[in-house]
Amino acid sequence: MNQPIVSVKNLSVRFGTFYAVKNVSFQVDRGEIFGFLGANGAGKTTTIRVLCGLLPATEGTVFIDNERFTRGKENLIKQKVGYMSQKFTLYDGISIAENMDFAAALHHLDKKRYEQRRTELLRFIDFREDLSLLVRDLPGGIKQEIALCVSLLHDPPIIFLDEPTAGVAPKARARFWDLIRHLAQTGKTVFVTTHYMDEAENCDRIALMRAGELIALDTPAALKKKTFQGQLYLITPKRGNVPLPDKSLFEIFEPYGRHYHALFKKETTSIQKQLAENFNITPIAPSLEDVFIRLVEGKDR
Amino acid sequence: MTVFSLRRTKAVCLKEFKHIFRDPFTLMMALLLPLLIVLILGNAIEFNVKSIELAYMDHDKTQSSRKLIETFGSSDYFRPYHIETPTKGQDDLAAERAKMMLVIPPNFEKEMMTARTGNVQIMLDGADNSSVSAIMNYLNTVNNLAFYKIQGLPATDNKPLKIKTRYLFNPELNSRWFAVPGITALIVALVAIMLTALTICKEWEQGSMEMLLSTPIRATEILIGKLLPYAGLSFCGFWIVFLAARFIFNVPFNGSYLILIGATLLFILGYLAMGLCISVISHEQQVAVQYAAVIGLLPTALLSGFIFPIEYMPPVFQGISALFPARFYVEIARDQFLKASSFSDLWVPFTALSIQIIVLMLIGIFKFKRTLE
């Protein structure tokens, strides 16, 4: 039977009296792209830090690749995970090669294995530039790709990416997600947090965190289906000075630029006809952003 | 599983060296700053006051009064100039154009010839305390010399008790000889504490510490790997100051290199540990600089005996000064430059320094490891 690579049961992390993560349980399957979403302060990074051995859990159990996290076993677990943090990727003041040499030494890779992995990974990201380039001279996208290689040098079965594409140009973001998909195809498990909902669509499953608690966990399609039982509409004012419709008619009425995404409480043709005088009303499929707003932000309000 | 990995420690150390050699600020701070400070302080610090501007009013205008003024002028220490009114003298004192005013009253010569004693008035700028004490010392000498000149006596032979003073270890009482060992402590402390605090805070600030800790590296390996290069840099800073002292300021070195180097290495370790503690407390470079200045550098400058003698401090401050390694290091360094005492004479400051270093290192390592874990 295919054991999950990550198994978290009743995980809580408490700082004083404040629970950053509260009673969270989930499993991540091997080869899966697992998205971990939530607003700022929802507990995403804290959870990742526990799973990478950077922070002890206050309560609960964590298994990584069949190994239970206990005190003294941190280094064993750390060999099994790759981590790309949100804040830091590579040392700017040294070259690409020096960053890779450094990471290889930290993981005690022998020279032959290191050179083999380096060649494989640079081929994987299709990097053909000079490795003696200083990291500070690289564009943001390339830097993230090299950082991905560095975190994969020791060939971990699972990699944790904490907002890996934050601040990266859209084209480079798309390329980075291609790499993530390829990684998953080669059997690596990718555990990723992101603020970009279009990126989250690439995940096999998504966990939604809110105020330290897990509030939803499913595939993107299932989440959309569960969250929106009725039809979602795109409502666009026909003119600039149109008064907003009565919000009590809607279960959801969220502004998106000059449009609104709306879910009627009670869908009737008469209401739609009435609104049609001032608004264009088009049925649309819900996006993950709609799901996020409904589940995370909606509850916060 | 390895308890301590030399390979990982070496990797951190190498990475740090590469950062240092590609970062002009760190290099400048470690190598150029010590040289600049020693040149500036070495030239600026002068406890021997010379060329004191002396405003005088001579109401007597006799041969004796002229001889008195001449005696002041013939030394290197005073530059007498004539003023017409007491108000002008007071203005000059207030505006710091003069440090001292001499008023010779009428009948000065008459008194000298009849009573063999004369009264003159001296007014000093009491706001400048450091000059006053030096001037008072010179006045004693001038007083004796002037007496013999006015009386027309030879200056030496007729004293009942002849005191011949010889200044050991620093015959000319050269301020630089006295100050440079203290400057060494200040500079080594500056480089060691600042660079250590900054480099570790930088790892916290940019988030790379978290990345490091997601690998199997241990806190001790990070610590040794990061501190070694800065210990080396601080030691280079010490040699820069030492060579500048020897060859630019001609400060003699009479002691043992082994003792001085031993004390310097202990002192560097102490300030690296202080830098480490600061980085753990502050986590931010900007805050670390402020802590380093207040906790590390101010006591080094003020409570080490570098400027103010420890013996003359109130007992409370003497006690506080004993908390800082600089006090004992300055004592050893000054001794080795000028006096050359043996290790057996210096065991007290050496023991105190060693105990401080062990305590500081333990606190630093404990706090650092605890923060990481």
# chains A, B, ... in the order shown; residues from 1 in each chain; ligands from 1

call {"tool": "interface_residues", "arguments": {"of": "chain B", "to": "chain A", "cutoff": "9 Å", "atoms": "only C-alpha atoms", "output": "JSON, numbers by chain"}}
result
{"B": [1, 5, 7, 8, 9, 10, 11, 12, 14, 15, 18, 19, 22, 23, 206, 207, 208, 209, 210, 211, 212, 213, 214, 215, 216, 217, 218, 372, 373]}

call {"tool": "write_last_selection", "arguments": {"atoms": "C-alpha atoms", "output": "mmCIF file, in the first residue's frame"}}
result
data_model
loop_
_atom_site.group_PDB
_atom_site.id
_atom_site.type_symbol
_atom_site.label_atom_id
_atom_site.label_comp_id
_atom_site.auth_asym_id
_atom_site.auth_seq_id
_atom_site.Cartn_x
_atom_site.Cartn_y
_atom_site.Cartn_z
ATOM 1 C CA MET B 1 25.359 10.338 12.753
ATOM 2 C CA SER B 5 31.068 17.933 11.024
ATOM 3 C CA ARG B 7 33.172 19.639 6.431
ATOM 4 C CA ARG B 8 30.082 21.662 7.201
ATOM 5 C CA THR B 9 32.030 23.983 9.506
ATOM 6 C CA LYS B 10 34.624 24.493 6.774
ATOM 7 C CA ALA B 11 31.857 25.193 4.246
ATOM 8 C CA VAL B 12 30.341 27.921 6.444
ATOM 9 C CA LEU B 14 34.680 29.411 3.390
ATOM 10 C CA LYS B 15 31.358 30.991 2.460
ATOM 11 C CA LYS B 18 34.103 34.755 0.248
ATOM 12 C CA HIS B 19 31.465 37.178 1.507
ATOM 13 C CA ARG B 22 33.702 40.507 -1.915
ATOM 14 C CA ASP B 23 32.158 42.983 0.466
ATOM 15 C CA GLN B 206 17.660 37.925 5.273
ATOM 16 C CA GLY B 207 16.169 34.611 6.434
ATOM 17 C CA SER B 208 19.215 32.538 5.489
ATOM 18 C CA MET B 209 19.523 31.254 9.048
ATOM 19 C CA GLU B 210 16.221 29.460 8.530
ATOM 20 C CA MET B 211 17.485 27.941 5.295
ATOM 21 C CA LEU B 212 20.665 26.811 7.057
ATOM 22 C CA LEU B 213 18.665 25.226 9.833
ATOM 23 C CA SER B 214 16.503 23.289 7.393
ATOM 24 C CA THR B 215 19.667 21.320 6.550
ATOM 25 C CA PRO B 216 21.384 18.898 8.946
ATOM 26 C CA ILE B 217 23.906 21.547 10.055
ATOM 27 C CA ARG B 218 24.277 21.963 13.832
ATOM 28 C CA LEU B 372 18.032 28.213 17.048
ATOM 29 C CA GLU B 373 16.439 25.291 18.785
#

call {"tool": "residues_around", "arguments": {"residues": "Arg117 (chain A)", "least_positions_apart": "6", "cutoff": "12 Å", "atoms": "only C-alpha atoms", "output": "JSON, numbers by chain"}}
result
{"A": [100, 101, 103, 104, 109, 110, 111, 123, 124, 149, 150, 151, 152, 153, 154, 155, 156]}

call {"tool": "residues_around", "arguments": {"residues": "Leu179 (chain A)", "least_positions_apart": "5", "cutoff": "10 Å", "atoms": "only C-alpha atoms", "output": "list in words"}}
result
Phe124, Ile125, Glu145, Leu148, Arg173, Ala174, Ala184 and Gln185 of chain A

call {"tool": "closest_residue", "arguments": {"among": "A:Leu223, A:Val24, A:Ile235, A:Leu244", "to": "Pro286 (chain A)", "atoms": "only C-alpha atoms"}}
result
A:Leu223

call {"tool": "closest_residue", "arguments": {"among": "A:Lys225, A:Arg14, A:Lys143, A:Arg113", "to": "Val168 (chain A)", "atoms": "only C-alpha atoms"}}
result
A:Lys143

call {"tool": "residues_around", "arguments": {"residues": "Gly140 (chain A)", "least_positions_apart": "6", "cutoff": "9 Å", "atoms": "only C-alpha atoms", "output": "JSON list (two decimals) with all heavy atoms, in the first residue's frame"}}
result
[["chain", "number", "residue", "atom", "x", "y", "z"],
["A", 167, "GLY", "N", 6.94, 37.85, -6.09],
["A", 167, "GLY", "CA", 7.78, 38.89, -6.66],
["A", 167, "GLY", "C", 8.46, 38.52, -7.96],
["A", 167, "GLY", "O", 9.36, 39.22, -8.43],
["A", 168, "VAL", "N", 8.04, 37.40, -8.56],
["A", 168, "VAL", "CA", 8.67, 36.96, -9.82],
["A", 168, "VAL", "C", 7.74, 37.34, -10.98],
["A", 168, "VAL", "O", 6.51, 37.33, -10.85],
["A", 168, "VAL", "CB", 8.91, 35.43, -9.78],
["A", 168, "VAL", "CG1", 9.42, 34.90, -11.11],
["A", 168, "VAL", "CG2", 9.89, 35.09, -8.66],
["A", 169, "ALA", "N", 8.35, 37.70, -12.13],
["A", 169, "ALA", "CA", 7.56, 38.13, -13.30],
["A", 169, "ALA", "C", 6.63, 36.99, -13.76],
["A", 169, "ALA", "O", 6.98, 35.81, -13.61],
["A", 169, "ALA", "CB", 8.50, 38.52, -14.42],
["A", 172, "ALA", "N", 8.11, 34.13, -15.83],
["A", 172, "ALA", "CA", 9.00, 33.29, -15.03],
["A", 172, "ALA", "C", 8.21, 32.42, -14.06],
["A", 172, "ALA", "O", 8.58, 31.29, -13.77],
["A", 172, "ALA", "CB", 9.99, 34.16, -14.27]]

call {"tool": "atom_distance", "arguments": {"atom1": "CA of Glu67 (chain A)", "atom2": "CA of Pro157 (chain A)"}}
result
12.7 Å
